[in-house]
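Enquirer: My questions all concern the structure below.
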Amino acid sequence: MYQPRPEHKFTFGLWTVGNVGRDPFGEAVRARLEPDYVVYKLAELGAYGVNLHDEDLIPRGTPPAEREAILRRFKRALEETGLKVPMVTANLFSDPAFKDGALTSPDPWVRAYALKKSLETLDLGAELGAQIYVVWPGREGAEVDATGKVQRAWDWFREALNFLAAYSEDRGYGYRFALEPKPNEPRGDIYLPTVGSMLALIGTLEQPQLFGLNPEFAHETMAGLNFVHAVAQALDAGKLFHIDLNDQRMSRFDQDLRFGAENLKAAFFLVDLLEHSGYTGPRHFDAHALRTEDEAGVWAFAKGCMRTYLILKEKAQAFRADPEVEALLAEYYQADPEPLALLGRYSREKAEKLKGLALPEARRSRGYALEALDQLAVEHLLGVRG
């Protein structure tokens, strides 16, 4: 019942299932997997697509002949399996040159190099059929504010985004750009930490219609924010272009755990939101297997991400179809015509009537039955309601 199929649009990055298990305190525990091999394995599991950073596919410094050979093998694997490459992004965080920012580095040589890498990634993605370009400003931040760079960073970042969008349009690539906020790591403070800050920036760009969001479950959760609310805000603005699904314990380092591994209730309401909002984009799992795992554990992890999503999708559908839930929601969203007539678009007549409004005393003591409603959600999650 929970077998992933391409129409579910589940995707993984080469850097996710290809994660070698290195962390700040330990070396790699798994061998690097070749990109074409990853494609074949994901296809076997029922995935829709594979995403990549530029250097995931073609390591920095690869000679031209070897680059072409890698690309040929990768394209052959895509053709034979039918897997898509919906999204690409440039690695603007690993190179030592980016230690004080990539697109907001105070060194114009570094900013130019970051832009060059971005343009080359746009070219690579277009060659592979990608339609979404994610921008994660992970090094765009600071530990020290004595430089005053914060007064210039917005202009530099905005300038780069405008350049990338113009390049895409000039080349006829037709990319949509998804900005990825993150409140913590790897800088002491990241300049654009939340969905709201990214939305505010988008409104200042030359072609705001080309820009949206790529929010990530772990990024909001690690800072104690509500990811479901963040996604709802992006949806409300028509800016949910892409989404990163994983899991995370609050106030910990960026764990990128298997989707649903920790916060099942939040994952349940997230799936409920995505499935009932009309979102048609990829469901991308930006997570990786635990460092304890060998290669078999990697594919168990990938299968688990997709299976959990499908289980939660089924439970969310059952929750919404539950007669008790429907009755509680009907009572929750009351539709009394008298106050409704005073709401909505402003008119002078409505304003005068509102100033004479007397709130019925029963409205002060009204209960909203949220305990009962939330308990029903929990019971559906626990599998005791069909």
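Scheme for the structure tokens: letters A, B, ... for chains in order shown; per-chain residue numbers from 1; ligand numbers from 1 in order shown.
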Can you pull out every residue from stretch 3-206 of chain A that DSSP, working from the backbone, puts in strand (DSSP E), and format the result as a short mmCIF file (atom, residue, chain, number, x, y, z; two decimals) with N, CA and C atoms, in the first residue's frame?
Expert:
```
data_model
loop_
_atom_site.label_atom_id
_atom_site.label_comp_id
_atom_site.auth_asym_id
_atom_site.auth_seq_id
_atom_site.Cartn_x
_atom_site.Cartn_y
_atom_site.Cartn_z
N PHE A 10 8.74 12.04 -5.26
CA PHE A 10 9.75 11.96 -4.21
C PHE A 10 11.14 12.09 -4.84
N THR A 11 11.94 12.97 -4.28
CA THR A 11 13.29 13.16 -4.81
C THR A 11 14.31 13.13 -3.67
N PHE A 12 15.55 12.80 -4.04
CA PHE A 12 16.68 12.80 -3.12
C PHE A 12 17.85 13.51 -3.80
N GLY A 13 18.73 14.09 -3.01
CA GLY A 13 19.93 14.68 -3.57
C GLY A 13 21.06 13.68 -3.63
N GLY A 49 12.92 11.55 -8.78
CA GLY A 49 14.04 12.31 -9.30
C GLY A 49 15.22 12.36 -8.37
N VAL A 50 16.28 12.96 -8.87
CA VAL A 50 17.52 13.13 -8.12
C VAL A 50 17.99 14.57 -8.32
N ASN A 51 18.37 15.22 -7.23
CA ASN A 51 18.84 16.60 -7.27
C ASN A 51 20.33 16.64 -6.97
N LEU A 52 20.98 17.76 -7.25
CA LEU A 52 22.42 17.79 -7.06
C LEU A 52 22.98 19.20 -6.92
N HIS A 53 24.08 19.29 -6.15
CA HIS A 53 24.96 20.43 -6.22
C HIS A 53 25.91 20.21 -7.40
N MET A 87 15.80 19.78 -9.69
CA MET A 87 16.45 20.92 -9.04
C MET A 87 17.96 20.77 -9.01
N VAL A 88 18.65 21.90 -9.17
CA VAL A 88 20.09 21.94 -8.96
C VAL A 88 20.43 23.14 -8.08
N THR A 89 21.62 23.10 -7.51
CA THR A 89 22.09 24.20 -6.68
C THR A 89 23.61 24.19 -6.68
N ILE A 132 14.18 24.11 -11.36
CA ILE A 132 14.26 24.84 -10.10
C ILE A 132 15.73 24.99 -9.72
N TYR A 133 16.10 26.19 -9.30
CA TYR A 133 17.45 26.44 -8.83
C TYR A 133 17.35 26.93 -7.38
N VAL A 134 17.93 26.16 -6.46
CA VAL A 134 17.89 26.52 -5.04
C VAL A 134 19.11 27.34 -4.68
N VAL A 135 18.86 28.38 -3.90
CA VAL A 135 19.94 29.22 -3.38
C VAL A 135 19.92 29.12 -1.86
N GLY A 141 26.69 35.41 6.21
CA GLY A 141 26.40 35.76 7.59
C GLY A 141 27.63 36.31 8.26
N ALA A 142 27.67 36.26 9.59
CA ALA A 142 28.79 36.86 10.31
C ALA A 142 28.92 36.29 11.71
N ARG A 176 12.92 28.71 -12.05
CA ARG A 176 12.34 29.36 -10.87
C ARG A 176 13.35 29.20 -9.75
N PHE A 177 13.61 30.27 -9.03
CA PHE A 177 14.65 30.28 -8.01
C PHE A 177 14.01 30.14 -6.63
N ALA A 178 14.46 29.14 -5.88
CA ALA A 178 13.92 28.86 -4.55
C ALA A 178 14.97 29.17 -3.50
N LEU A 179 14.69 30.17 -2.67
CA LEU A 179 15.62 30.60 -1.63
C LEU A 179 15.39 29.77 -0.37
N ASP A 189 25.75 33.96 12.81
CA ASP A 189 24.42 34.49 12.46
C ASP A 189 24.30 34.49 10.95
N ILE A 190 23.22 33.96 10.45
CA ILE A 190 22.97 33.95 9.01
C ILE A 190 22.03 35.12 8.69
#
```
Enquirer: Could you name the residues that touch stretch 105-114 of chain A at 12 Å or less, counting only C-alpha atoms, but leaving out those on the same chain fewer than 3 positions away, as a compact mmCIF listing (two decimals) with N, CA and C atoms, in the first residue's frame?
Expert:
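The file below, selection.txt, is the result:
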```txt
# COMPACT_ATOMS: atom_id res chain seq x y z
N THR A 89 21.62 23.10 -7.51
CA THR A 89 22.09 24.20 -6.68
C THR A 89 23.61 24.19 -6.68
N ALA A 90 24.22 25.33 -6.48
CA ALA A 90 25.68 25.41 -6.45
C ALA A 90 26.18 25.27 -5.02
N ASN A 91 27.30 24.61 -4.87
CA ASN A 91 27.97 24.51 -3.58
C ASN A 91 28.74 25.82 -3.35
N LEU A 92 28.16 26.70 -2.54
CA LEU A 92 28.79 27.98 -2.22
C LEU A 92 29.16 28.03 -0.74
N PHE A 93 29.55 26.86 -0.21
CA PHE A 93 29.84 26.80 1.22
C PHE A 93 31.09 26.00 1.57
N SER A 94 31.54 25.07 0.72
CA SER A 94 32.66 24.19 1.07
C SER A 94 34.02 24.82 0.84
N ASP A 95 34.17 25.54 -0.25
CA ASP A 95 35.46 26.10 -0.63
C ASP A 95 35.95 27.07 0.45
N PRO A 96 37.23 26.95 0.87
CA PRO A 96 37.76 27.89 1.87
C PRO A 96 37.59 29.35 1.49
N ALA A 97 37.47 29.63 0.19
CA ALA A 97 37.29 31.01 -0.25
C ALA A 97 36.01 31.63 0.31
N PHE A 98 35.05 30.78 0.65
CA PHE A 98 33.75 31.28 1.10
C PHE A 98 33.65 31.43 2.62
N LYS A 99 34.78 31.47 3.30
CA LYS A 99 34.76 31.49 4.77
C LYS A 99 34.04 32.71 5.33
N ASP A 100 34.06 33.84 4.60
CA ASP A 100 33.35 35.04 5.06
C ASP A 100 32.28 35.45 4.06
N GLY A 101 31.63 34.43 3.51
CA GLY A 101 30.56 34.69 2.56
C GLY A 101 30.96 34.31 1.15
N ALA A 102 29.96 34.01 0.35
CA ALA A 102 30.17 33.71 -1.07
C ALA A 102 29.66 34.90 -1.89
N LYS A 117 30.47 30.14 -10.38
CA LYS A 117 30.02 28.78 -10.04
C LYS A 117 28.51 28.66 -10.23
N SER A 118 27.79 29.70 -9.86
CA SER A 118 26.33 29.68 -9.98
C SER A 118 25.90 29.62 -11.44
N LEU A 119 26.55 30.41 -12.29
CA LEU A 119 26.20 30.40 -13.72
C LEU A 119 26.49 29.04 -14.33
N GLU A 120 27.63 28.45 -13.98
CA GLU A 120 27.96 27.13 -14.52
C GLU A 120 26.97 26.07 -14.05
N THR A 121 26.47 26.23 -12.82
CA THR A 121 25.47 25.28 -12.32
C THR A 121 24.14 25.46 -13.05
N VAL A 135 18.86 28.38 -3.90
CA VAL A 135 19.94 29.22 -3.38
C VAL A 135 19.92 29.12 -1.86
N PRO A 137 21.98 30.42 1.22
CA PRO A 137 23.04 31.36 1.60
C PRO A 137 23.71 30.98 2.91
N ARG A 139 26.75 30.54 3.90
CA ARG A 139 27.93 31.29 4.35
C ARG A 139 27.67 32.80 4.36
N GLU A 140 26.46 33.20 4.01
CA GLU A 140 26.15 34.63 3.99
C GLU A 140 25.72 35.05 5.40
N GLY A 141 26.69 35.41 6.21
CA GLY A 141 26.40 35.76 7.59
C GLY A 141 27.63 36.31 8.26
N ALA A 142 27.67 36.26 9.59
CA ALA A 142 28.79 36.86 10.31
C ALA A 142 28.92 36.29 11.71
N THR A 147 32.76 45.02 11.24
CA THR A 147 33.08 45.45 9.87
C THR A 147 32.02 46.35 9.26
N GLY A 148 30.80 46.27 9.78
CA GLY A 148 29.70 47.00 9.16
C GLY A 148 29.21 46.36 7.87
N LYS A 149 29.67 45.13 7.59
CA LYS A 149 29.29 44.47 6.34
C LYS A 149 27.78 44.29 6.22
N VAL A 150 27.12 44.18 7.35
CA VAL A 150 25.67 43.96 7.33
C VAL A 150 24.94 45.07 6.59
N GLN A 151 25.55 46.25 6.49
CA GLN A 151 24.93 47.35 5.77
C GLN A 151 25.05 47.20 4.26
N ARG A 152 25.97 46.36 3.81
CA ARG A 152 26.20 46.17 2.38
C ARG A 152 25.73 44.81 1.87
N ALA A 153 25.60 43.85 2.76
CA ALA A 153 25.34 42.47 2.35
C ALA A 153 24.08 42.34 1.52
N TRP A 154 23.02 43.07 1.90
CA TRP A 154 21.76 42.94 1.19
C TRP A 154 21.91 43.36 -0.27
N ASP A 155 22.65 44.46 -0.51
CA ASP A 155 22.85 44.92 -1.88
C ASP A 155 23.63 43.90 -2.68
N TRP A 156 24.68 43.33 -2.08
CA TRP A 156 25.48 42.33 -2.80
C TRP A 156 24.65 41.09 -3.13
N PHE A 157 23.86 40.62 -2.15
CA PHE A 157 23.07 39.41 -2.37
C PHE A 157 21.98 39.68 -3.40
N GLU A 159 22.00 41.94 -5.76
CA GLU A 159 22.67 42.09 -7.05
C GLU A 159 22.92 40.73 -7.70
N ALA A 160 23.40 39.76 -6.90
CA ALA A 160 23.69 38.43 -7.43
C ALA A 160 22.42 37.72 -7.88
N LEU A 161 21.36 37.79 -7.07
CA LEU A 161 20.11 37.13 -7.44
C LEU A 161 19.54 37.74 -8.72
N PHE A 163 21.21 39.11 -11.09
CA PHE A 163 22.10 38.67 -12.17
C PHE A 163 21.73 37.26 -12.62
N LEU A 164 21.54 36.35 -11.65
CA LEU A 164 21.22 34.96 -11.98
C LEU A 164 19.89 34.86 -12.72
```
Enquirer: Can you tell me how far atom CA of A:Leu83 sits from atom CA of A:Gly281, in Å to one decimal?
Expert: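 Computing it gives 15.1 Å between the two atoms.
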Enquirer: Within stretch 302-375 of chain A, find each residue whose DSSP state, derived from the backbone, is alpha helix (DSSP H), and express the selection as JSON, numbers by chain.
Expert: {"A": [302, 303, 304, 305, 306, 307, 308, 309, 310, 311, 312, 313, 314, 315, 316, 317, 318, 319, 320, 321, 323, 324, 325, 326, 327, 328, 329, 330, 331, 332, 337, 338, 339, 340, 348, 349, 350, 351, 352, 353, 354, 355, 370, 371, 372, 373, 374, 375]}
Enquirer: Which distance in Å separates atom CA of A:Ala287 and atom CA of A:Ser251, to one decimal?
Expert: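 Straight-line distance from atom CA of A:Ala287 to atom CA of A:Ser251 works out to 17.4 Å.
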Enquirer: Neighbours of A:Met250 within 7 Å (only C-alpha atoms; same-chain residues fewer than 6 positions away dropped), as number ranges by chain?
Expert: A: 221-224
Enquirer: Write a file of the selected residues as a short mmCIF file (atom, residue, chain, number, x, y, z; two decimals), in the first residue's frame, keeping C-alpha atoms.
Expert:
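Writing done, so here's part24.cif:
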```
data_model
loop_
_atom_site.label_atom_id
_atom_site.label_comp_id
_atom_site.auth_asym_id
_atom_site.auth_seq_id
_atom_site.Cartn_x
_atom_site.Cartn_y
_atom_site.Cartn_z
CA THR A 221 12.72 23.03 13.95
CA MET A 222 16.29 23.38 15.21
CA ALA A 223 15.48 26.97 16.22
CA GLY A 224 12.18 26.06 17.88
#
```
Enquirer: Which one is closest to A:Arg76: A:Gly21, A:Gly26, A:Pro35, A:Gly344? Count only C-alpha atoms.
Expert: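 That would be A:Pro35, the residue with the smallest distance to A:Arg76.
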Enquirer: Compare A:Leu42, A:Leu257, A:Leu310, A:Ala234 by their minimum atom-to-atom distance to A:His8, counting only C-alpha atoms, and give me the closest one.
Expert: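 Closest to A:His8, using only C-alpha atoms: A:Leu310.
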Enquirer: Neighbouring residues of stretch 261-265 of chain A were defined as those with any atom within 9 Å, considering only C-alpha atoms; residues of the same chain fewer than 3 positions away were excluded. Please report them as a tab-separated table (two decimals) with N, CA and C atoms, in the first residue's frame.
Expert:
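For reference, part-v2.tsv as written:
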```tsv
chain	number	residue	atom	x	y	z
A	246	ASN	N	12.77	16.39	6.15
A	246	ASN	CA	13.69	15.61	6.98
A	246	ASN	C	13.15	15.67	8.41
A	247	ASP	N	14.00	15.49	9.40
A	247	ASP	CA	13.56	15.64	10.78
A	247	ASP	C	14.72	16.12	11.62
A	248	GLN	N	14.40	16.54	12.86
A	248	GLN	CA	15.38	17.27	13.65
A	248	GLN	C	14.90	17.35	15.09
A	249	ARG	N	15.85	17.27	16.03
A	249	ARG	CA	15.54	17.59	17.42
A	249	ARG	C	15.85	19.07	17.66
A	257	LEU	N	17.71	14.19	9.94
A	257	LEU	CA	17.24	12.83	10.21
A	257	LEU	C	16.19	12.38	9.19
A	258	ARG	N	15.98	11.08	9.14
A	258	ARG	CA	14.97	10.48	8.28
A	258	ARG	C	13.61	11.16	8.53
A	268	PHE	N	2.92	14.85	10.45
A	268	PHE	CA	1.53	14.54	10.09
A	268	PHE	C	0.82	15.78	9.58
A	269	PHE	N	0.92	16.89	10.33
A	269	PHE	CA	0.22	18.10	9.92
A	269	PHE	C	0.88	18.75	8.71
A	270	LEU	N	2.18	18.54	8.53
A	270	LEU	CA	2.84	19.03	7.32
A	270	LEU	C	2.33	18.31	6.08
A	305	CYS	N	11.95	7.15	4.33
A	305	CYS	CA	11.45	8.51	4.12
A	305	CYS	C	10.17	8.50	3.29
A	308	THR	N	7.15	6.59	5.06
A	308	THR	CA	6.53	7.37	6.13
A	308	THR	C	5.64	8.46	5.57
A	312	LEU	N	1.64	8.74	6.37
A	312	LEU	CA	1.05	9.96	6.94
A	312	LEU	C	0.01	10.57	6.00
A	377	ALA	N	-6.58	13.61	16.32
A	377	ALA	CA	-5.40	13.56	15.45
A	377	ALA	C	-4.40	12.55	15.99
A	378	VAL	N	-4.17	12.57	17.30
A	378	VAL	CA	-3.24	11.63	17.93
A	378	VAL	C	-3.71	10.19	17.73
A	381	LEU	N	-2.97	9.06	14.34
A	381	LEU	CA	-1.55	8.78	14.24
A	381	LEU	C	-1.17	7.44	14.87
```
Enquirer: Between atom CA of A:Val325 and atom CA of A:Arg366, what distance in Å does the model show, to one decimal?
Expert: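 Atom CA of A:Arg366 lies 18.5 Å from atom CA of A:Val325.
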Enquirer: Measuring between only C-alpha atoms, which one of A:Gly383, A:Asp374, A:Arg348, A:Asp236 shows the shortest distance to A:Lys315?
Expert: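 That would be A:Gly383, the residue with the smallest distance to A:Lys315.
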Enquirer: Which of these residues is nearest to A:Val384, using only C-alpha atoms: A:Ala358, A:Ser168, A:Ala69, A:Phe319?
Expert: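 For A:Val384, the nearest of the candidates is A:Phe319.
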Enquirer: Quick one: residues within 9 Å of stretch 291-298 of chain A, only C-alpha atoms counted, chain neighbours fewer than 3 positions away excluded, as a ChimeraX atom specification?
Expert: /A:17-23,28-31,288,301-303
Enquirer: Do a neighbour search on stretch 169-175 of chain A at 9 Å with only C-alpha atoms, toss out local chain neighbours closer than 6 positions, and write the hits as JSON, numbers by chain.
Expert: {"A": [122, 123, 126, 130, 131, 132, 133, 210]}
Enquirer: Distance table requested - stretch 221-320 of chain A against stretch 194-206 of chain A, cut-off 9 Å, only C-alpha atoms: one row per qualifying residue with the closest atom pair and its distance in Å to one decimal, ordered by chain and rising residue number, as CSV.
Expert:
```
residue,atom,partner,partner_atom,distance
A:Ala230,CA,A:Val195,CA,6.2
A:Val231,CA,A:Val195,CA,8.1
A:Gln233,CA,A:Val195,CA,7.8
A:Ala234,CA,A:Val195,CA,7.1
A:Ala237,CA,A:Leu199,CA,8.3
A:Lys239,CA,A:Leu199,CA,8.2
```
